[in-house]
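Student: The structure that follows is given in the form of structure tokens.
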Amino acid sequence: MTKNKGAANSDSSDPLRPSDHVDGDDSITQPRLGFVGWLRWGWRQLTSMRTALILLLVLAIAAIPGSIFPQRMADPNGVTQWERDNPDLFPILDGLKLFDVYLSPWFSAIYLLLFASLVGCVIPRIKHHAKALRARPPRTPARLQRLEDYRAVTRDPAADSGTKTGDAEAEAAASIDVATKQLKALGYRVERYDRGRTFSVSAERGYWRETGNLLFHLALVGVLVTVGIGGGFSYTGQRVLVEGETFANTLLDYDSMNRGRFVSDDAFSPYSMRLDSFDVTYQPFGEPGSGQAGDFSANVTVQENGEERTGSVKVNEPLGVADDDVFLLGNGYAPTVTVRDPEGNVVFTNSTPFLPQDNNMTSLGVLKVPDGLAEQVGLVGFFYPTTGVLESGAFFSAYGDLTNPTLTLDVYTGDLGINEGVPRSVYVLDTTGMTKLTGRTTDVESIELAPGQTAQLPNGLGSVTFEDESPAGAADASQSVKRFASLQIHRDESGVWVLGFALLALGGLMIALFVPRRRVWVKATAHDGEIALEYAALARGEDPTLAAAVEDLVAGHARLLDAAGGTTARPTIDDTADESAEPEAPATDTRKVD
């Protein structure tokens with residue numbers, strides 16, 4: 001080859017470069033991918049198993065905020081409380097959809113990408129696996145001794161079998177026939193490969209490993225599809241019921257509702273449910289865990305299809321009604337407060353749920369009186385089931401049960417904002433532009449009431465009464481205040497399908513983990529009147545039991561050949577064996593070739 005100037009220059013600068021070396025031509029450029037090429041490249045990246053695993057991990061991480069922050073779908077009261085406790089941070093987190101994680105665009109994007117990635121991974125693998133199931137086991141390698149798990153045994157035709165030395169080929173073929181039957185009995189797919197004086201059988205098993213792997217991934221796709229489609233036909237609603245109230249399963253009777261896009265306004269099963277009582281037990285004073293609630297039970301009466309029945313809703317024990325499941329989310333006290341005008345006419349009376357603020361049921365509630373008084377009045381109250389007093393004079397609840405209940409109220413006057421057409425939470429009073437008449441920052445003490453007591457509102461607005469709900473003749477305060485239960489009504493008919501696919505995924509994973517994929521070969525060669533048997537195996541992936549499987553194959557084959565009586569084992573000496581070691585039995589003596 002003629003040297004060019006570049007080569008000459010390189011020779012002078014680099015003495016180690018060959019004299020006939022030609023530098024590359026910088027003018028050569030690779031072809032551009034183009035739009036379609038980039039789409040193909042992106043699809044290959046998306047449908048790789050690495051990408052699927054990464055997306056699965058990202059989806060798990062993206063679901064973490066759903067367990068850290070309360071979700072509107074499951075706990076709207078918790079979201080309201082979180083907003084009250086963190087008024088500055090709440091708008092930012094709400095903008096990031098951290099209170100609606102599973103309905104957020106970013107979670108849906110990860111979900112859809114994972115679905116596309118899994119489908120793109122599984123479909124080609126199904127095609128490849130179907131082709132492998134129809135394929136013959138591979139040919140027997142020419143040099144089995146190169147495989148790590150290798151054994152060799154020499155056998156002679158039996159002296160009393162009438163077989164001549166020249167007929168050793170027939171005995172070699174017969175030994176492979178025996179090995180073929182043995183491998184079939186062990187669950188292998190077998191294929192004979194005979195050539196000249198060499199007879200062999202190739203066997204393969206473990207196709208269920210890849211089948212289990214595919215089942216696992218198909219089950220994941222099934223879960224994604226079922227959840228995605230099932231979510232469009234499911235709904236979750238919340239309703240707070242005070243003892244004695246009745247709920248009708250209609251869209252208008254829910255406090256909040258999250259429903260799929262395919263749930264119409266008339267898709268709700270017709271039934272009603274009344275909260276008869278709410279029972280809760282507390283650990284008594286002086287015992288370990290004093291004050292902790294032990295058991296909750298919302299006792300309800302359900303009317304469905306003209307029939308009436310009773311039931312109870314407990315924690316982790318939902319009540320089935322029609323196609324719905326009713327769960328118990330929370331509970332608390334609902335003091336009954338009556339407001340009268342200066343003439344004694346009732347302008348407001350209601351049992352209002354107060355939201356618990358601590359484990360001892362110190363509860364916060366809001367009452368709004370828009371009409372009937374000289375001004376619109378808002379009352380912010382704290383309820384203490386068992387009232388205690390700190391040195392500073394502040395109240396606290398020392399116990400969750402009703403032993404010494406007290407209700408304190410701060411009075412506000414002004415525009416409640418309910419006539420502006422803007423939705424307002426019943427648990428929050430916007431005091432912007434309102435005048436505070438009692439409590440801190442004023443000269444008037446907060447109103448303090450025990451059950452059955454009445455106090456006058458400031459500025460002659462009227463009076464307020466904390467009603468006593470105790471039955472006539474009751475000696476204690478244990479039933480003086482009503483309780484409420486926060487119920488969640490949920491319908492999701494895809495739950496059975498999700499469970500089925502989850503079990504299928506678990507089963508496929510177990511198969512993929514515990515079924516080994518391996519290939520085994522047995523070769524018999526007739527040479528100089530003797531039969532040389534070779535055994536070898538190869539695993540696809542890690543298989544710590546492969547060596548033991550080869551040993552069992554050799555031993556089993558020897559027993560079968562001895563029973564057939566066509567050949568006898570020839571004792572061999574293992575050159576690598578320790579002289580002090582006990583020799584093996586002649587029928588299973590092997591030589592391991594390094």
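Residue numbering restarts at 1 for every chain of the structure tokens, chains are lettered A, B, ... in their displayed order, and ligands are numbered from 1 as they appear.
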Just list as a ChimeraX atom specification whatever in range 293-480 of chain A DSSP marks as strand (DSSP E).

Tutor: /A:293-304,307-313,319-321,324-334,336-340,346-351,355-356,363-369,377-384,387-389,395-397,406-413,435-436,447-449,454-456,463-466

Student: Which residues, written as a PyMOL selection string, have at least one atom at most 10 Å from range 390-403 of chain A, with only C-alpha atoms counted and residues fewer than 2 positions away on the same chain left out?

Tutor: chain A and resi 280-285+290-293+332-333+356+358-363+382-388+405-406+408+476-481

Student: Write out the residues from the selection above, keeping N, CA and C atoms, as a CSV table (one decimal), in the first residue's frame.

Tutor:
```csv
chain,number,residue,atom,x,y,z
A,280,VAL,N,-67.9,3.6,71.7
A,280,VAL,CA,-66.5,3.6,71.7
A,280,VAL,C,-66.1,3.3,73.2
A,281,THR,N,-65.0,2.6,73.4
A,281,THR,CA,-64.5,2.2,74.7
A,281,THR,C,-63.2,2.8,74.9
A,282,TYR,N,-62.9,3.3,76.1
A,282,TYR,CA,-61.6,3.9,76.5
A,282,TYR,C,-61.0,3.1,77.6
A,283,GLN,N,-59.7,3.1,77.6
A,283,GLN,CA,-59.0,2.5,78.8
A,283,GLN,C,-59.2,3.3,80.0
A,284,PRO,N,-59.7,2.7,81.1
A,284,PRO,CA,-60.0,3.5,82.3
A,284,PRO,C,-58.7,4.1,82.9
A,285,PHE,N,-59.0,5.1,83.8
A,285,PHE,CA,-57.9,5.7,84.5
A,285,PHE,C,-57.1,4.7,85.4
A,290,SER,N,-54.0,4.5,79.6
A,290,SER,CA,-55.2,5.2,80.1
A,290,SER,C,-55.6,6.3,79.1
A,291,GLY,N,-56.9,6.3,78.7
A,291,GLY,CA,-57.5,7.3,77.8
A,291,GLY,C,-57.5,6.9,76.4
A,292,GLN,N,-56.8,5.8,76.0
A,292,GLN,CA,-56.7,5.4,74.6
A,292,GLN,C,-58.0,4.7,74.3
A,293,ALA,N,-58.5,5.0,73.0
A,293,ALA,CA,-59.7,4.3,72.6
A,293,ALA,C,-59.4,2.9,72.2
A,332,GLY,N,-66.2,11.6,66.3
A,332,GLY,CA,-66.0,12.8,67.3
A,332,GLY,C,-67.3,13.1,67.9
A,333,TYR,N,-67.3,14.3,68.5
A,333,TYR,CA,-68.5,14.8,69.2
A,333,TYR,C,-69.2,15.9,68.4
A,356,PRO,N,-61.8,16.5,66.1
A,356,PRO,CA,-60.9,16.3,67.2
A,356,PRO,C,-59.5,16.9,66.9
A,358,ASP,N,-56.8,16.3,69.3
A,358,ASP,CA,-55.7,15.5,70.0
A,358,ASP,C,-56.4,14.2,70.3
A,359,ASN,N,-55.6,13.3,71.0
A,359,ASN,CA,-56.0,12.0,71.3
A,359,ASN,C,-57.1,12.0,72.4
A,360,ASN,N,-57.2,13.1,73.2
A,360,ASN,CA,-58.2,13.2,74.3
A,360,ASN,C,-59.4,13.9,73.8
A,361,MET,N,-59.6,14.0,72.5
A,361,MET,CA,-60.8,14.5,71.8
A,361,MET,C,-61.1,16.0,72.1
A,362,THR,N,-60.1,16.8,72.4
A,362,THR,CA,-60.3,18.2,72.4
A,362,THR,C,-60.7,18.6,70.9
A,363,SER,N,-61.8,19.2,70.8
A,363,SER,CA,-62.4,19.3,69.4
A,363,SER,C,-62.7,20.8,69.1
A,382,PHE,N,-64.7,25.4,71.1
A,382,PHE,CA,-63.8,24.3,71.5
A,382,PHE,C,-64.7,23.5,72.5
A,383,PHE,N,-64.6,22.1,72.3
A,383,PHE,CA,-65.3,21.2,73.1
A,383,PHE,C,-64.3,20.3,73.9
A,384,TYR,N,-64.5,20.2,75.2
A,384,TYR,CA,-63.6,19.4,76.0
A,384,TYR,C,-64.5,18.3,76.7
A,385,PRO,N,-64.3,17.1,76.3
A,385,PRO,CA,-65.2,16.0,76.9
A,385,PRO,C,-65.0,15.9,78.4
A,386,THR,N,-63.7,15.9,78.9
A,386,THR,CA,-63.4,15.9,80.3
A,386,THR,C,-62.5,17.1,80.6
A,387,THR,N,-63.1,18.1,81.1
A,387,THR,CA,-62.4,19.4,81.2
A,387,THR,C,-61.4,19.4,82.3
A,388,GLY,N,-60.2,19.8,82.0
A,388,GLY,CA,-59.1,20.1,82.9
A,388,GLY,C,-58.7,21.6,82.8
A,405,PRO,N,-68.0,17.5,80.5
A,405,PRO,CA,-67.9,18.2,79.2
A,405,PRO,C,-68.1,19.8,79.4
A,406,THR,N,-67.4,20.5,78.6
A,406,THR,CA,-67.5,21.9,78.6
A,406,THR,C,-67.4,22.4,77.1
A,408,THR,N,-66.7,26.0,75.0
A,408,THR,CA,-66.4,27.4,75.0
A,408,THR,C,-66.6,28.0,73.6
A,476,ASP,N,-75.4,10.7,84.9
A,476,ASP,CA,-74.1,11.2,84.5
A,476,ASP,C,-74.2,11.9,83.2
A,477,ALA,N,-73.0,12.3,82.7
A,477,ALA,CA,-72.9,13.1,81.5
A,477,ALA,C,-72.5,12.2,80.3
A,478,SER,N,-72.5,10.9,80.4
A,478,SER,CA,-71.9,10.0,79.4
A,478,SER,C,-72.7,10.1,78.1
A,479,GLN,N,-74.0,10.5,78.2
A,479,GLN,CA,-74.8,10.6,76.9
A,479,GLN,C,-75.3,12.0,76.7
A,480,SER,N,-74.7,13.0,77.3
A,480,SER,CA,-75.2,14.3,77.2
A,480,SER,C,-74.9,15.0,75.8
A,481,VAL,N,-73.9,14.5,75.1
A,481,VAL,CA,-73.5,15.0,73.8
A,481,VAL,C,-73.6,14.0,72.8
```

Student: As a PyMOL selection string, please: the residues near range 540-556 of chain A (cut-off 10 Å, only C-alpha atoms, same-chain neighbours under 5 positions excluded).

Tutor: chain A and resi 148-153+179+182-183+186+206+514-522+533-535+561-562+587-590

Student: Mind writing the picked residues with N, CA, C and O atoms as a JSON list (two decimals), in the first residue's frame?

Tutor:
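That gives us result28.json:
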```json
[["chain", "number", "residue", "atom", "x", "y", "z"],
["A", 148, "GLU", "N", -18.34, -27.07, 32.43],
["A", 148, "GLU", "CA", -17.89, -27.19, 33.82],
["A", 148, "GLU", "C", -18.47, -28.42, 34.51],
["A", 148, "GLU", "O", -17.77, -29.15, 35.21],
["A", 149, "ASP", "N", -19.76, -28.66, 34.31],
["A", 149, "ASP", "CA", -20.41, -29.81, 34.94],
["A", 149, "ASP", "C", -20.37, -30.97, 33.94],
["A", 149, "ASP", "O", -21.27, -31.14, 33.12],
["A", 150, "TYR", "N", -19.30, -31.76, 34.05],
["A", 150, "TYR", "CA", -19.04, -32.84, 33.09],
["A", 150, "TYR", "C", -18.65, -34.10, 33.84],
["A", 150, "TYR", "O", -17.91, -34.05, 34.82],
["A", 151, "ARG", "N", -19.15, -35.23, 33.39],
["A", 151, "ARG", "CA", -18.78, -36.52, 33.96],
["A", 151, "ARG", "C", -18.54, -37.49, 32.80],
["A", 151, "ARG", "O", -19.18, -37.40, 31.74],
["A", 152, "ALA", "N", -17.63, -38.46, 33.04],
["A", 152, "ALA", "CA", -17.34, -39.48, 32.02],
["A", 152, "ALA", "C", -17.29, -40.84, 32.69],
["A", 152, "ALA", "O", -16.72, -41.01, 33.78],
["A", 153, "VAL", "N", -17.88, -41.84, 32.04],
["A", 153, "VAL", "CA", -17.93, -43.21, 32.54],
["A", 153, "VAL", "C", -17.65, -44.15, 31.37],
["A", 153, "VAL", "O", -18.13, -43.92, 30.25],
["A", 179, "ALA", "N", -31.10, -43.54, 28.33],
["A", 179, "ALA", "CA", -30.97, -42.16, 28.81],
["A", 179, "ALA", "C", -32.11, -41.29, 28.32],
["A", 179, "ALA", "O", -32.60, -40.40, 29.04],
["A", 182, "GLN", "N", -35.05, -41.97, 30.45],
["A", 182, "GLN", "CA", -34.80, -41.42, 31.78],
["A", 182, "GLN", "C", -35.03, -39.91, 31.80],
["A", 182, "GLN", "O", -35.68, -39.37, 32.71],
["A", 183, "LEU", "N", -34.53, -39.22, 30.79],
["A", 183, "LEU", "CA", -34.67, -37.76, 30.73],
["A", 183, "LEU", "C", -36.13, -37.35, 30.50],
["A", 183, "LEU", "O", -36.60, -36.35, 31.05],
["A", 186, "LEU", "N", -37.87, -37.40, 33.66],
["A", 186, "LEU", "CA", -37.50, -36.26, 34.51],
["A", 186, "LEU", "C", -38.09, -34.94, 34.03],
["A", 186, "LEU", "O", -37.83, -33.90, 34.62],
["A", 206, "GLY", "N", -37.18, -26.47, 31.83],
["A", 206, "GLY", "CA", -37.20, -25.17, 32.50],
["A", 206, "GLY", "C", -37.90, -24.09, 31.70],
["A", 206, "GLY", "O", -37.74, -22.91, 31.98],
["A", 514, "PHE", "N", -37.96, -20.14, 41.04],
["A", 514, "PHE", "CA", -37.62, -21.46, 41.55],
["A", 514, "PHE", "C", -37.54, -22.56, 40.50],
["A", 514, "PHE", "O", -37.16, -23.68, 40.83],
["A", 515, "VAL", "N", -37.94, -22.28, 39.27],
["A", 515, "VAL", "CA", -37.81, -23.29, 38.21],
["A", 515, "VAL", "C", -36.51, -23.04, 37.45],
["A", 515, "VAL", "O", -36.35, -21.98, 36.84],
["A", 516, "PRO", "N", -35.57, -23.99, 37.48],
["A", 516, "PRO", "CA", -34.30, -23.77, 36.78],
["A", 516, "PRO", "C", -34.42, -24.07, 35.29],
["A", 516, "PRO", "O", -35.12, -24.99, 34.89],
["A", 517, "ARG", "N", -33.72, -23.31, 34.49],
["A", 517, "ARG", "CA", -33.64, -23.55, 33.05],
["A", 517, "ARG", "C", -32.27, -24.18, 32.78],
["A", 517, "ARG", "O", -31.24, -23.57, 33.02],
["A", 518, "ARG", "N", -32.26, -25.43, 32.25],
["A", 518, "ARG", "CA", -31.00, -26.13, 32.05],
["A", 518, "ARG", "C", -31.07, -27.03, 30.83],
["A", 518, "ARG", "O", -32.16, -27.44, 30.41],
["A", 519, "ARG", "N", -29.89, -27.31, 30.29],
["A", 519, "ARG", "CA", -29.74, -28.24, 29.18],
["A", 519, "ARG", "C", -28.81, -29.36, 29.62],
["A", 519, "ARG", "O", -27.81, -29.11, 30.30],
["A", 520, "VAL", "N", -29.12, -30.59, 29.18],
["A", 520, "VAL", "CA", -28.35, -31.78, 29.57],
["A", 520, "VAL", "C", -28.06, -32.60, 28.31],
["A", 520, "VAL", "O", -28.92, -32.72, 27.43],
["A", 521, "TRP", "N", -26.85, -33.14, 28.26],
["A", 521, "TRP", "CA", -26.48, -33.99, 27.13],
["A", 521, "TRP", "C", -25.90, -35.30, 27.67],
["A", 521, "TRP", "O", -25.17, -35.31, 28.67],
["A", 522, "VAL", "N", -26.24, -36.38, 27.00],
["A", 522, "VAL", "CA", -25.64, -37.69, 27.27],
["A", 522, "VAL", "C", -25.12, -38.22, 25.93],
["A", 522, "VAL", "O", -25.89, -38.29, 24.94],
["A", 533, "LEU", "N", -19.22, -43.22, 27.99],
["A", 533, "LEU", "CA", -20.40, -42.39, 28.26],
["A", 533, "LEU", "C", -19.96, -41.04, 28.80],
["A", 533, "LEU", "O", -19.11, -40.96, 29.70],
["A", 534, "GLU", "N", -20.55, -39.98, 28.27],
["A", 534, "GLU", "CA", -20.24, -38.62, 28.71],
["A", 534, "GLU", "C", -21.55, -37.93, 29.10],
["A", 534, "GLU", "O", -22.56, -38.05, 28.39],
["A", 535, "TYR", "N", -21.48, -37.20, 30.19],
["A", 535, "TYR", "CA", -22.63, -36.46, 30.71],
["A", 535, "TYR", "C", -22.19, -35.02, 30.94],
["A", 535, "TYR", "O", -21.12, -34.77, 31.51],
["A", 561, "LEU", "N", -28.91, -49.00, 33.41],
["A", 561, "LEU", "CA", -28.10, -49.85, 32.53],
["A", 561, "LEU", "C", -27.79, -51.18, 33.20],
["A", 561, "LEU", "O", -27.79, -52.24, 32.55],
["A", 562, "ASP", "N", -27.50, -51.15, 34.49],
["A", 562, "ASP", "CA", -27.24, -52.40, 35.22],
["A", 562, "ASP", "C", -28.48, -53.29, 35.20],
["A", 562, "ASP", "O", -28.39, -54.52, 35.08],
["A", 587, "ALA", "N", -20.36, -48.77, 39.83],
["A", 587, "ALA", "CA", -21.42, -48.37, 38.90],
["A", 587, "ALA", "C", -21.53, -46.88, 38.74],
["A", 587, "ALA", "O", -22.05, -46.39, 37.76],
["A", 588, "THR", "N", -21.04, -46.08, 39.70],
["A", 588, "THR", "CA", -21.17, -44.63, 39.64],
["A", 588, "THR", "C", -19.83, -43.94, 39.58],
["A", 588, "THR", "O", -19.75, -42.76, 39.80],
["A", 589, "ASP", "N", -18.77, -44.71, 39.34],
["A", 589, "ASP", "CA", -17.44, -44.12, 39.28],
["A", 589, "ASP", "C", -17.36, -43.21, 38.06],
["A", 589, "ASP", "O", -17.76, -43.58, 36.96],
["A", 590, "THR", "N", -16.89, -42.03, 38.25],
["A", 590, "THR", "CA", -16.81, -41.04, 37.17],
["A", 590, "THR", "C", -15.46, -40.41, 37.16],
["A", 590, "THR", "O", -14.73, -40.39, 38.14]]
```

Student: Could you pull the residues within 10 Å of Val225 in chain A, counting only C-alpha atoms, minus those fewer than 6 positions along the same chain, as a short mmCIF file (atom, residue, chain, number, x, y, z; two decimals) with N, CA, C and O atoms, in the first residue's frame?

Tutor:
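This is the output file out-v1.cif:
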```cif
data_model
loop_
_atom_site.label_atom_id
_atom_site.label_comp_id
_atom_site.auth_asym_id
_atom_site.auth_seq_id
_atom_site.Cartn_x
_atom_site.Cartn_y
_atom_site.Cartn_z
N LEU A 112 -48.94 5.70 32.63
CA LEU A 112 -49.11 5.36 31.21
C LEU A 112 -47.79 4.95 30.57
O LEU A 112 -47.76 4.05 29.72
N PHE A 115 -47.13 1.43 31.56
CA PHE A 115 -48.00 0.53 30.81
C PHE A 115 -47.44 0.29 29.41
O PHE A 115 -47.34 -0.85 28.94
N ALA A 219 -49.42 -10.11 34.20
CA ALA A 219 -50.28 -9.80 35.35
C ALA A 219 -50.13 -8.35 35.75
O ALA A 219 -51.12 -7.69 36.14
N GLY A 231 -61.24 2.27 37.49
CA GLY A 231 -61.38 3.58 38.12
C GLY A 231 -62.45 4.43 37.48
O GLY A 231 -63.04 5.30 38.13
N VAL A 498 -58.34 -7.16 40.27
CA VAL A 498 -57.01 -6.76 40.73
C VAL A 498 -56.40 -7.84 41.62
O VAL A 498 -55.21 -8.17 41.50
#
```

Student: So that I can check the surroundings of Gln456 in chain A, please list as a PDB file with C-alpha atoms, in the first residue's frame every protein, DNA and RNA residue that reaches within 12 Å of it, counting only C-alpha atoms and ignoring chain neighbours fewer than 4 positions away.

Tutor:
```
ATOM      1  CA  THR A 338     -79.450  26.423  69.952  1.00  0.00           C
ATOM      2  CA  VAL A 339     -79.363  30.176  69.256  1.00  0.00           C
ATOM      3  CA  ARG A 340     -82.340  32.417  70.082  1.00  0.00           C
ATOM      4  CA  ASP A 341     -83.055  36.036  69.289  1.00  0.00           C
ATOM      5  CA  PRO A 342     -83.712  38.587  72.078  1.00  0.00           C
ATOM      6  CA  GLY A 344     -86.569  33.939  72.644  1.00  0.00           C
ATOM      7  CA  LEU A 409     -67.468  29.829  72.259  1.00  0.00           C
ATOM      8  CA  VAL A 411     -68.429  35.213  69.005  1.00  0.00           C
ATOM      9  CA  THR A 438     -65.486  37.562  72.996  1.00  0.00           C
ATOM     10  CA  SER A 446     -65.294  33.489  76.058  1.00  0.00           C
ATOM     11  CA  ILE A 447     -68.683  31.913  76.645  1.00  0.00           C
ATOM     12  CA  GLU A 448     -68.368  28.736  78.753  1.00  0.00           C
ATOM     13  CA  LEU A 449     -71.238  26.264  78.803  1.00  0.00           C
ATOM     14  CA  GLY A 460     -77.931  42.020  73.164  1.00  0.00           C
ATOM     15  CA  LEU A 461     -77.882  39.764  70.096  1.00  0.00           C
ATOM     16  CA  GLY A 462     -79.750  36.979  71.861  1.00  0.00           C
ATOM     17  CA  SER A 463     -78.815  33.800  73.712  1.00  0.00           C
ATOM     18  CA  VAL A 464     -77.020  30.514  73.080  1.00  0.00           C
ATOM     19  CA  THR A 465     -77.821  27.150  74.721  1.00  0.00           C
ATOM     20  CA  PHE A 466     -75.706  23.998  74.932  1.00  0.00           C
TER      21      PHE A 466
END
```
